[in-house]
>>> print(open('run_12.cif').read())   # mmCIF, C-alpha atoms and all ligand atoms
data_input
loop_
_atom_site.label_atom_id
_atom_site.label_comp_id
_atom_site.auth_asym_id
_atom_site.auth_seq_id
_atom_site.Cartn_x
_atom_site.Cartn_y
_atom_site.Cartn_z
CA MET A 1 0.00 0.00 0.00
CA SER A 2 2.96 2.31 0.57
CA HIS A 3 3.08 2.72 -3.24
CA LEU A 4 0.13 5.13 -2.84
CA VAL A 5 2.39 7.57 -1.01
CA GLN A 6 5.32 6.74 -3.29
CA ASN A 7 3.26 7.42 -6.42
CA TYR A 8 2.04 10.69 -5.00
CA LEU A 9 5.59 11.88 -4.18
CA ASP A 10 6.87 10.84 -7.63
CA ARG A 11 4.01 12.66 -9.32
CA VAL A 12 4.53 15.88 -7.37
CA ARG A 13 8.29 15.82 -7.96
CA LEU A 14 7.85 15.20 -11.68
CA GLU A 15 5.58 18.21 -11.96
CA TYR A 16 8.55 20.42 -11.04
CA GLN A 17 11.14 18.45 -13.01
CA ALA A 18 11.20 20.94 -15.88
CA VAL A 19 11.58 24.07 -13.71
CA ASP A 20 15.02 25.50 -14.36
CA ASP A 21 14.75 28.87 -12.61
CA GLY A 22 17.61 29.89 -10.35
CA GLU A 23 21.39 29.77 -10.48
CA LEU A 24 24.09 27.49 -9.15
CA ALA A 25 26.00 28.99 -6.20
CA ASP A 26 29.21 30.23 -7.81
CA TYR A 27 30.80 32.20 -4.99
CA ILE A 28 32.21 28.80 -3.95
CA PRO A 29 33.68 27.83 -7.37
CA GLU A 30 33.38 24.09 -6.81
CA LEU A 31 29.61 24.38 -6.29
CA ALA A 32 29.23 25.79 -9.81
CA GLN A 33 30.50 22.45 -11.18
CA VAL A 34 27.50 20.35 -10.12
CA ASP A 35 24.79 19.06 -12.47
CA PRO A 36 22.03 21.71 -12.33
CA ALA A 37 19.38 19.13 -13.22
CA GLY A 38 19.78 17.05 -10.04
CA PHE A 39 16.44 16.82 -8.24
CA GLY A 40 15.61 14.57 -5.33
CA LEU A 41 13.03 14.19 -2.60
CA ALA A 42 12.92 12.00 0.49
CA LEU A 43 10.39 11.76 3.27
CA SER A 44 10.97 9.86 6.50
CA SER A 45 8.08 8.89 8.73
CA ALA A 46 8.51 9.15 12.49
CA ASP A 47 9.09 5.39 12.64
CA GLY A 48 11.95 5.61 10.14
CA TYR A 49 10.34 4.46 6.87
CA VAL A 50 11.86 6.50 4.05
CA TYR A 51 10.22 7.24 0.70
CA GLN A 52 12.59 8.48 -2.00
CA SER A 53 12.01 10.00 -5.38
CA GLY A 54 14.38 11.10 -8.16
CA ASP A 55 17.98 11.86 -7.17
CA ALA A 56 17.36 11.28 -3.47
CA ALA A 57 20.56 9.24 -3.15
CA ARG A 58 22.81 11.79 -4.90
CA GLU A 59 25.45 13.34 -2.65
CA PHE A 60 25.92 17.08 -2.30
CA THR A 61 27.39 19.27 0.40
CA ILE A 62 25.30 20.09 3.42
CA GLN A 63 26.41 23.77 3.56
CA SER A 64 24.17 25.86 5.81
CA ILE A 65 21.95 22.93 6.75
CA SER A 66 24.88 22.15 9.06
CA LYS A 67 24.08 25.23 11.15
CA PRO A 68 21.21 23.91 13.29
CA PHE A 69 23.18 20.75 14.06
CA THR A 70 26.33 22.53 15.23
CA TYR A 71 24.12 24.86 17.25
CA ALA A 72 22.48 21.80 18.85
CA LEU A 73 25.93 20.32 19.57
CA ALA A 74 27.07 23.58 21.17
CA LEU A 75 23.93 23.57 23.34
CA ASP A 76 24.61 19.95 24.27
CA ARG A 77 28.27 20.44 25.14
CA SER A 78 28.40 24.00 26.50
CA GLY A 79 24.87 24.48 27.82
CA ALA A 80 22.24 27.07 26.88
CA ALA A 81 23.58 29.82 29.16
CA ALA A 82 27.06 29.80 27.58
CA VAL A 83 25.59 29.64 24.07
CA ASP A 84 23.09 32.45 24.75
CA ALA A 85 25.89 34.63 26.05
CA ARG A 86 27.46 34.51 22.57
CA ILE A 87 24.60 33.99 20.06
CA GLY A 88 21.13 35.57 19.98
CA VAL A 89 17.88 33.95 18.82
CA GLU A 90 16.32 36.89 16.97
CA PRO A 91 15.50 36.74 13.27
CA SER A 92 17.88 39.03 11.43
CA GLY A 93 15.92 39.63 8.23
CA GLU A 94 19.37 39.81 6.65
CA ALA A 95 21.23 37.79 4.07
CA PHE A 96 22.99 34.68 5.38
CA ASN A 97 26.45 36.16 4.86
CA GLN A 98 25.76 39.63 6.28
CA ILE A 99 28.75 41.06 8.15
CA SER A 100 26.73 42.05 11.18
CA VAL A 101 26.15 41.67 14.90
CA ASP A 102 23.28 42.92 17.02
CA PRO A 103 24.04 46.63 17.55
CA ASP A 104 23.29 46.46 21.30
CA THR A 105 24.61 43.07 22.39
CA LYS A 106 27.42 42.79 19.82
CA ARG A 107 26.47 39.13 19.43
CA PRO A 108 25.45 37.49 16.14
CA LYS A 109 21.68 37.81 15.89
CA ASN A 110 21.03 34.09 15.48
CA PRO A 111 22.83 30.82 14.76
CA MET A 112 21.39 30.37 11.25
CA ILE A 113 23.30 33.22 9.65
CA ASN A 114 27.02 32.72 9.05
CA ALA A 115 28.08 34.96 11.96
CA GLY A 116 26.07 32.89 14.46
CA ALA A 117 27.10 29.62 12.87
CA ILE A 118 30.80 30.47 13.09
CA ALA A 119 30.32 31.44 16.75
CA ALA A 120 28.50 28.12 17.34
CA VAL A 121 31.53 26.19 16.02
CA SER A 122 33.70 27.91 18.63
CA LEU A 123 31.25 26.81 21.35
CA VAL A 124 31.90 23.13 20.71
CA PRO A 125 34.60 22.51 23.32
CA ALA A 126 37.72 20.83 21.91
CA ASP A 127 41.50 21.06 22.15
CA SER A 128 42.15 21.24 18.43
CA ALA A 129 40.40 21.96 15.15
CA ASP A 130 40.62 18.27 14.22
CA GLU A 131 39.02 17.20 17.48
CA ARG A 132 36.26 19.76 17.05
CA PHE A 133 35.55 18.65 13.51
CA ALA A 134 35.51 14.99 14.60
CA LEU A 135 32.85 15.81 17.21
CA ILE A 136 30.79 17.62 14.59
CA GLN A 137 31.17 14.85 12.02
CA ASP A 138 30.15 12.18 14.57
CA TYR A 139 27.18 14.24 15.70
CA TYR A 140 25.77 14.83 12.20
CA SER A 141 26.40 11.18 11.36
CA ALA A 142 24.39 10.09 14.40
CA PHE A 143 21.48 12.24 13.17
CA ALA A 144 21.74 10.71 9.69
CA GLY A 145 22.26 7.15 10.92
CA ARG A 146 25.33 6.64 8.69
CA ARG A 147 28.87 7.99 8.47
CA LEU A 148 28.99 11.32 6.61
CA GLU A 149 32.23 12.10 4.77
CA LEU A 150 34.00 15.27 3.70
CA ASP A 151 34.02 16.59 0.14
CA HIS A 152 37.67 17.66 0.01
CA ASP A 153 37.28 19.68 -3.20
CA VAL A 154 34.40 21.79 -1.91
CA TYR A 155 36.26 22.31 1.38
CA ALA A 156 39.38 23.51 -0.43
CA SER A 157 37.32 25.70 -2.77
CA GLU A 158 35.42 27.35 0.08
CA LYS A 159 38.55 27.85 2.13
CA ALA A 160 40.36 29.48 -0.78
CA THR A 161 37.54 31.91 -1.52
CA GLY A 162 36.11 32.54 1.96
CA ASN A 163 36.98 36.22 2.38
CA ARG A 164 33.47 37.11 3.45
CA ASN A 165 33.53 34.51 6.22
CA ARG A 166 37.02 35.62 7.24
CA ALA A 167 35.69 39.17 7.61
CA ILE A 168 32.84 37.84 9.77
CA ALA A 169 35.11 35.70 11.97
CA TYR A 170 37.62 38.49 12.57
CA MET A 171 34.80 40.88 13.36
CA LEU A 172 33.46 38.35 15.92
CA ALA A 173 36.92 38.00 17.45
CA SER A 174 37.16 41.77 17.79
CA PHE A 175 33.86 41.81 19.71
CA GLY A 176 35.03 39.02 22.03
CA VAL A 177 32.50 36.51 20.61
CA LEU A 178 35.26 34.09 19.52
CA ASP A 179 37.82 33.00 22.09
CA ASP A 180 39.74 30.81 19.67
CA ASP A 181 41.86 31.68 16.67
CA PRO A 182 39.38 32.81 13.95
CA ASP A 183 41.19 30.90 11.19
CA GLN A 184 41.02 27.65 13.18
CA VAL A 185 37.32 28.15 13.84
CA LEU A 186 36.71 28.94 10.17
CA ASP A 187 38.61 25.87 9.09
CA VAL A 188 36.16 23.70 11.06
CA TYR A 189 33.22 25.72 9.72
CA TYR A 190 34.34 25.14 6.11
CA ARG A 191 34.74 21.44 6.82
CA GLN A 192 31.30 21.11 8.44
CA CYS A 193 29.72 22.86 5.42
CA SER A 194 31.54 20.43 3.11
CA LEU A 195 30.16 17.23 4.62
CA LYS A 196 28.33 15.20 1.99
CA VAL A 197 24.69 14.27 2.43
CA THR A 198 21.83 13.01 0.29
CA ALA A 199 18.16 13.99 0.43
CA VAL A 200 17.61 10.69 2.26
CA ASP A 201 20.18 11.71 4.89
CA LEU A 202 18.43 15.06 5.30
CA ALA A 203 15.05 13.33 5.72
CA ARG A 204 16.54 11.06 8.39
CA MET A 205 18.23 13.98 10.17
CA ALA A 206 14.92 15.84 10.06
CA ALA A 207 13.06 12.79 11.39
CA THR A 208 15.52 12.61 14.30
CA LEU A 209 14.62 16.21 15.14
CA ALA A 210 10.93 15.34 14.67
CA ARG A 211 11.38 12.51 17.18
CA SER A 212 12.83 14.92 19.77
CA GLY A 213 16.37 13.68 19.30
CA VAL A 214 15.92 9.92 18.81
CA ASN A 215 17.04 8.58 15.43
CA PRO A 216 14.15 6.40 14.24
CA LEU A 217 16.51 4.27 12.13
CA THR A 218 19.09 3.42 14.79
CA GLY A 219 16.92 3.95 17.87
CA ARG A 220 19.80 5.95 19.33
CA ARG A 221 19.14 9.13 21.34
CA VAL A 222 21.39 11.75 19.75
CA THR A 223 20.34 14.71 21.84
CA ASP A 224 17.60 15.63 24.28
CA ALA A 225 14.20 17.19 23.72
CA THR A 226 15.16 20.56 25.21
CA VAL A 227 18.00 21.01 22.74
CA VAL A 228 15.73 19.95 19.87
CA ARG A 229 13.03 22.41 20.91
CA ARG A 230 15.48 25.30 20.94
CA THR A 231 16.99 24.23 17.62
CA LEU A 232 13.61 23.92 15.92
CA SER A 233 12.59 27.31 17.33
CA VAL A 234 15.46 29.09 15.62
CA MET A 235 14.82 27.12 12.45
CA VAL A 236 11.23 28.41 12.48
CA THR A 237 12.19 32.04 12.92
CA CYS A 238 15.54 32.21 11.13
CA GLY A 239 16.05 29.05 9.04
CA MET A 240 15.12 30.57 5.70
CA TYR A 241 16.95 33.87 6.31
CA ASP A 242 15.16 36.95 5.01
CA GLY A 243 12.48 34.66 3.54
CA ALA A 244 11.65 33.26 7.00
CA GLY A 245 8.33 35.11 7.47
CA ASP A 246 6.86 33.93 4.17
CA TRP A 247 8.07 30.43 4.83
CA VAL A 248 6.50 30.21 8.27
CA SER A 249 3.14 31.51 7.15
CA GLU A 250 2.93 29.53 3.90
CA VAL A 251 4.82 26.30 4.59
CA GLY A 252 4.88 26.22 8.38
CA LEU A 253 7.67 23.67 8.80
CA PRO A 254 10.86 24.41 10.76
CA ALA A 255 13.41 24.21 7.97
CA LYS A 256 16.95 24.96 6.88
CA SER A 257 18.36 25.50 3.42
CA GLY A 258 21.92 25.30 2.12
CA VAL A 259 23.63 26.68 -0.97
CA GLY A 260 24.48 23.10 -1.94
CA GLY A 261 20.80 22.87 -2.95
CA GLY A 262 19.36 21.01 0.00
CA VAL A 263 16.42 21.84 2.22
CA LEU A 264 15.63 19.98 5.43
CA ALA A 265 12.15 20.40 6.90
CA VAL A 266 10.66 18.98 10.08
CA LEU A 267 7.12 18.35 11.19
CA PRO A 268 7.64 17.88 14.93
CA GLY A 269 6.42 14.54 16.19
CA GLN A 270 5.47 13.40 12.68
CA LEU A 271 8.02 13.35 9.88
CA GLY A 272 11.14 14.69 8.22
CA ILE A 273 11.66 15.89 4.64
CA GLY A 274 14.89 16.22 2.65
CA THR A 275 15.06 17.76 -0.81
CA TYR A 276 17.79 18.49 -3.33
CA SER A 277 17.98 20.78 -6.33
CA PRO A 278 21.06 23.01 -6.71
CA LEU A 279 19.51 25.95 -8.59
CA LEU A 280 19.10 28.76 -6.05
CA ASP A 281 17.02 31.90 -5.75
CA PRO A 282 18.79 35.21 -4.94
CA LYS A 283 18.48 34.49 -1.20
CA GLY A 284 20.46 31.26 -1.53
CA ASN A 285 17.46 28.92 -1.14
CA SER A 286 16.91 26.05 -3.60
CA VAL A 287 14.06 27.02 -5.94
CA ARG A 288 12.61 23.57 -6.61
CA SER A 289 13.18 22.40 -3.02
CA MET A 290 11.07 25.27 -1.80
CA MET A 291 8.38 24.51 -4.37
CA LEU A 292 8.26 20.91 -3.22
CA CYS A 293 8.04 21.79 0.47
CA ARG A 294 5.32 24.35 -0.20
CA ARG A 295 3.29 21.87 -2.21
CA LEU A 296 3.65 18.99 0.26
CA SER A 297 2.76 21.22 3.18
CA GLU A 298 -0.34 22.48 1.40
CA GLU A 299 -1.61 19.16 0.06
CA LEU A 300 -0.68 16.97 3.01
CA GLY A 301 -1.67 19.51 5.68
CA LEU A 302 1.82 19.68 7.18
CA HIS A 303 1.77 23.24 8.56
CA PHE A 304 2.92 22.88 12.17
CA LEU A 305 0.15 25.17 13.38
CA THR A 306 -2.55 22.96 11.87
CA VAL A 307 -4.47 21.65 14.87
CA SER A 308 -5.20 17.99 14.23
CA ARG A 309 -7.09 17.15 17.38
CA ASP A 310 -8.32 19.74 19.78
CA SER A 311 -8.09 19.27 23.50
CA ARG A 312 -11.85 19.03 24.05
CA ALA A 313 -11.41 15.45 22.96
CA THR A 314 -9.67 14.57 26.25
CA MET A 315 -12.97 13.84 28.02
CA ARG A 316 -14.39 10.74 26.36
CA ALA A 317 -17.50 10.02 28.45
CA SER A 318 -18.97 10.46 31.91
CA TYR A 319 -21.57 8.18 33.52
CA GLU A 320 -23.07 7.15 36.89
CA PRO A 321 -22.64 3.42 37.57
CA CYS A 322 -24.61 3.89 40.84
CA PRO A 323 -26.18 6.86 42.63
CA GLY A 324 -23.70 9.49 43.76
CA VAL A 325 -20.77 7.85 41.95
CA ARG A 326 -19.62 9.36 38.66
CA VAL A 327 -16.94 7.93 36.36
CA PHE A 328 -15.01 10.38 34.13
CA GLU A 329 -13.39 8.58 31.19
CA THR A 330 -10.48 10.31 29.46
CA HIS A 331 -8.44 9.43 26.39
CA GLY A 332 -5.74 10.72 24.01
CA ASP A 333 -2.75 12.74 25.14
CA LEU A 334 -3.11 14.49 28.46
CA LEU A 335 -1.15 17.72 28.60
CA PHE A 336 -1.92 20.93 30.47
CA PRO A 337 -4.92 22.05 28.31
CA GLY A 338 -6.63 18.65 28.54
CA ALA A 339 -6.00 18.34 32.29
CA GLU A 340 -7.40 21.81 32.86
CA GLN A 341 -10.62 20.84 31.06
CA VAL A 342 -10.94 17.58 32.98
CA VAL A 343 -10.60 19.46 36.27
CA ARG A 344 -13.27 21.97 35.25
CA THR A 345 -15.66 19.23 34.08
CA ILE A 346 -15.30 17.40 37.39
CA GLU A 347 -15.67 20.64 39.32
CA ARG A 348 -18.96 21.43 37.51
CA ALA A 349 -20.33 17.98 38.32
CA CYS A 350 -19.11 18.09 41.92
CA SER A 351 -22.26 19.36 43.63
CA ASP A 352 -24.22 16.30 42.37
CA LEU A 353 -21.81 13.58 43.37
CA ASP A 354 -20.22 11.95 46.39
CA VAL A 355 -17.55 10.01 44.54
CA ALA A 356 -15.51 10.97 41.45
CA ILE A 357 -13.70 8.17 39.63
CA LEU A 358 -11.20 9.39 37.06
CA ASP A 359 -10.43 6.73 34.46
CA VAL A 360 -7.07 7.42 32.73
CA SER A 361 -6.59 3.91 31.39
CA ARG A 362 -7.01 5.12 27.77
CA ILE A 363 -4.54 7.99 28.02
CA ASP A 364 -1.62 7.59 25.58
CA ASP A 365 0.70 10.14 27.05
CA ILE A 366 0.75 12.52 29.99
CA ASP A 367 3.15 15.27 31.00
CA SER A 368 4.28 16.47 34.42
CA ALA A 369 1.99 19.54 34.32
CA ALA A 370 -1.08 17.31 33.95
CA ARG A 371 0.21 14.97 36.69
CA ARG A 372 0.61 17.87 39.12
CA ILE A 373 -2.90 19.11 38.34
CA PHE A 374 -4.40 15.67 39.03
CA ALA A 375 -2.51 15.30 42.31
CA GLY A 376 -3.92 18.68 43.39
CA MET A 377 -7.43 17.73 42.25
CA GLY A 378 -7.55 14.61 44.47
CA ALA A 379 -6.60 16.67 47.52
CA GLU A 380 -9.18 19.33 46.61
CA LEU A 381 -12.00 16.77 46.29
CA ARG A 382 -11.12 15.23 49.64
CA ALA A 383 -11.11 18.69 51.24
CA GLN A 384 -14.68 19.11 49.94
CA GLY A 385 -15.70 15.85 51.64
CA LYS A 386 -15.83 13.89 48.38
CA LEU A 387 -14.22 10.55 47.73
CA SER A 388 -11.99 10.31 44.70
CA TYR A 389 -10.49 7.28 42.97
CA LEU A 390 -8.28 6.70 39.99
CA VAL A 391 -8.40 3.95 37.37
CA ASP A 392 -4.77 3.92 36.35
CA PRO A 393 -3.57 0.37 35.56
CA ASP A 394 -0.23 1.52 34.10
CA GLY A 395 0.51 4.09 36.79
CA ILE A 396 0.75 6.96 34.33
CA VAL A 397 -0.58 9.54 36.82
CA ALA A 398 1.85 8.42 39.54
CA PRO A 399 3.21 11.62 41.11
CA ASP A 400 6.99 12.20 40.95
CA ASP A 401 6.85 13.48 44.51
CA ALA A 402 7.47 10.52 46.88
CA ALA A 403 5.67 12.36 49.72
CA ILE A 404 2.29 12.08 47.99
CA ARG A 405 2.93 8.73 46.34
CA ALA A 406 1.30 6.72 49.17
CA GLU A 407 -1.89 8.79 48.88
CA TYR A 408 -1.97 8.09 45.16
CA GLU A 409 -1.44 4.34 45.61
CA ALA A 410 -4.29 4.23 48.15
CA ILE A 411 -6.84 5.46 45.60
CA ARG A 412 -5.47 3.77 42.48
CA PHE A 413 -7.28 0.79 40.90
CA ARG A 414 -6.75 -1.37 37.84
CA THR A 415 -10.35 -1.40 36.59
CA VAL A 416 -13.47 0.74 36.84
CA GLU A 417 -15.28 -2.19 38.51
CA ASP A 418 -12.65 -2.32 41.31
CA ALA A 419 -12.89 1.44 41.80
CA VAL A 420 -16.72 1.34 41.92
CA GLU A 421 -16.55 -1.48 44.50
CA ALA A 422 -14.16 0.59 46.64
CA ALA A 423 -16.40 3.63 46.18
CA THR A 424 -19.56 1.84 47.41
CA ALA A 425 -17.64 0.38 50.38
CA GLY A 426 -16.28 3.85 51.11
CA LEU A 427 -19.77 5.39 51.01
CA ARG A 428 -21.20 2.61 53.26
CA SER A 429 -18.54 3.19 55.90
CA ARG A 430 -19.30 6.88 56.17
O1 LIG B 501 29.40 30.04 4.59
C1 LIG B 501 28.98 29.87 3.46
O2 LIG B 501 28.87 30.79 2.68
C2 LIG B 501 28.55 28.47 3.03
N1 LIG B 501 29.46 27.50 3.46
C3 LIG B 501 27.19 28.15 3.50
C4 LIG B 501 26.16 29.14 3.06
C5 LIG B 501 24.81 28.57 2.89
O3 LIG B 501 24.60 27.41 2.66
C6 LIG B 501 23.72 29.56 2.91
N2 LIG B 501 22.46 28.92 2.76
N3 LIG B 501 21.57 28.98 2.03
#
>>> encode(input="run_12.cif", output="structure tokens")
Amino acid sequence: MSHLVQNYLDRVRLEYQAVDDGELADYIPELAQVDPAGFGLALSSADGYVYQSGDAAREFTIQSISKPFTYALALDRSGAAAVDARIGVEPSGEAFNQISVDPDTKRPKNPMINAGAIAAVSLVPADSADERFALIQDYYSAFAGRRLELDHDVYASEKATGNRNRAIAYMLASFGVLDDDPDQVLDVYYRQCSLKVTAVDLARMAATLARSGVNPLTGRRVTDATVVRRTLSVMVTCGMYDGAGDWVSEVGLPAKSGVGGGVLAVLPGQLGIGTYSPLLDPKGNSVRSMMLCRRLSEELGLHFLTVSRDSRATMRASYEPCPGVRVFETHGDLLFPGAEQVVRTIERACSDLDVAILDVSRIDDIDSAARRIFAGMGAELRAQGKLSYLVDPDGIVAPDDAAIRAEYEAIRFRTVEDAVEAATAGLRSR
């Protein structure tokens, strides 16, 4: 059946096959040598199944798509406070290679423009440029689920012609943003930009971000959810440079482009997309990659602000198995908004009941905010002279706080029938 999706992706890609707008990046001479017709698309589901279409296995250099990953590595290794002290998170609305810092803070405005990306390299702690690059190479490879290798020609070409980046790095050094030798930092930056990837690699890297840092192919946790959230946030606001606003409103996928022709786009929790087409618009974004992302987002409903299931759905049913006893059945994912509604529903029903039984046995996922709210609700009901019980066979509402754990265990049951039995015994003994 997966051919249905495959056929759809092939059809959409073919529709743009003939588009030849845009130019090859030629400010890095080696990039002007690639075949302008290359065009690939890959989509990885959250469980790691990858669809590929066209030149999805063709290698090209990652270029600026490296930036979110080095930023994530810097966050991992140096911590958010140290990174924030050197790199902002504000959209710049500027070109990727602007020689600029924030006029007040004297920090690069964000890690997606070259200034911020070069600063991020220097925030990966290492004793030498080689060691730093090895950390970066290993980290990207873990996201991709295979070893990524250097394109030596592109590296040499970029290094030989990188005056703009040299200007940026020396400016950063003069503002105290770089502690290390600017040329050493740049050398690692050129190497990270010259790592070779395919559209399939990009889809897998994106899927690892979509899965909050767990690579769905290898099952390995590459980074944690906090780092991913921060990284995706700057991709949303700054990933497509001065085109970021249009991108967010029309495509609505955290994304990053590179002058090698790639685009990586993430639908958090759901999927990752990788595209390749080396003809670029004047902002340095791949023309056909952007067309593909736009089209897929529109037709497949991938905008990250599309609400798929609203939180009213948390309360599934409510019924009275015997007088004075009311069971509240919940389902789906229980996060703060759902928990808040459950509490209000129970509160409204409170005057007509003696016993509230909250059934969370159909809840898929719960977060600590919802758990705290439920712990507070039990105490509140008892204070009002009501009895309250939980049907929680898997212990998903178990409070983290050991002090209130015993209270929770005392009112927890495996089935609604057990809880109703306890409720009637409780009422009788009053
Ligand atoms: O620093 C540079 O100019 C390149 N290595 C990367 C630029 C890039 O990919 C910009 N993205 N669209």
>>> atom_distance(input="run_12.cif", atom1="CA of Asp365 (chain A)", atom2="CA of Arg211 (chain A)")
14.7 Å
>>> atom_distance(input="run_12.cif", atom1="CA of Thr161 (chain A)", atom2="CA of Tyr190 (chain A)")
10.7 Å
>>> residues_near_ligand(input="run_12.cif", ligand="ligand LIG 501 (chain B)", cutoff="6 Å", atoms="all atoms listed in the file", output="PyMOL selection string")
chain A and resi 63-64+96+114+193+257-259+284-285
>>> residues_near_point(input="run_12.cif", point="(35.3, 23.6, 3.5)", cutoff="12 Å", atoms="all atoms listed in the file", output="ChimeraX atom specification")
/A:28-31,61-64,66,133,149-162,165,184-196
>>> closest_residue(input="run_12.cif", among="A:Gln270, A:Thr330, A:Thr345, A:Ser297", to="Met377 (chain A)", atoms="only C-alpha atoms")
A:Thr345
>>> residues_around(input="run_12.cif", residues="Leu390 (chain A)", least_positions_apart="2", cutoff="10 Å", atoms="all atoms listed in the file", output="ChimeraX atom specification")
/A:327-328,356-361,374,378,388,392-393,395,397,408-416,419
>>> closest_residue(input="run_12.cif", among="A:Gly245, A:Gly274, A:Pro321, A:Gly301", to="Glu417 (chain A)", atoms="only C-alpha atoms")
A:Pro321
>>> closest_residue(input="run_12.cif", among="A:Val307, A:Thr314, A:Ala255, A:Arg294", to="Leu334 (chain A)", atoms="all atoms listed in the file")
A:Thr314
>>> closest_residue(input="run_12.cif", among="A:Met315, A:Val251, A:Gly269, A:Val222", to="Leu300 (chain A)", atoms="all atoms listed in the file")
A:Val251
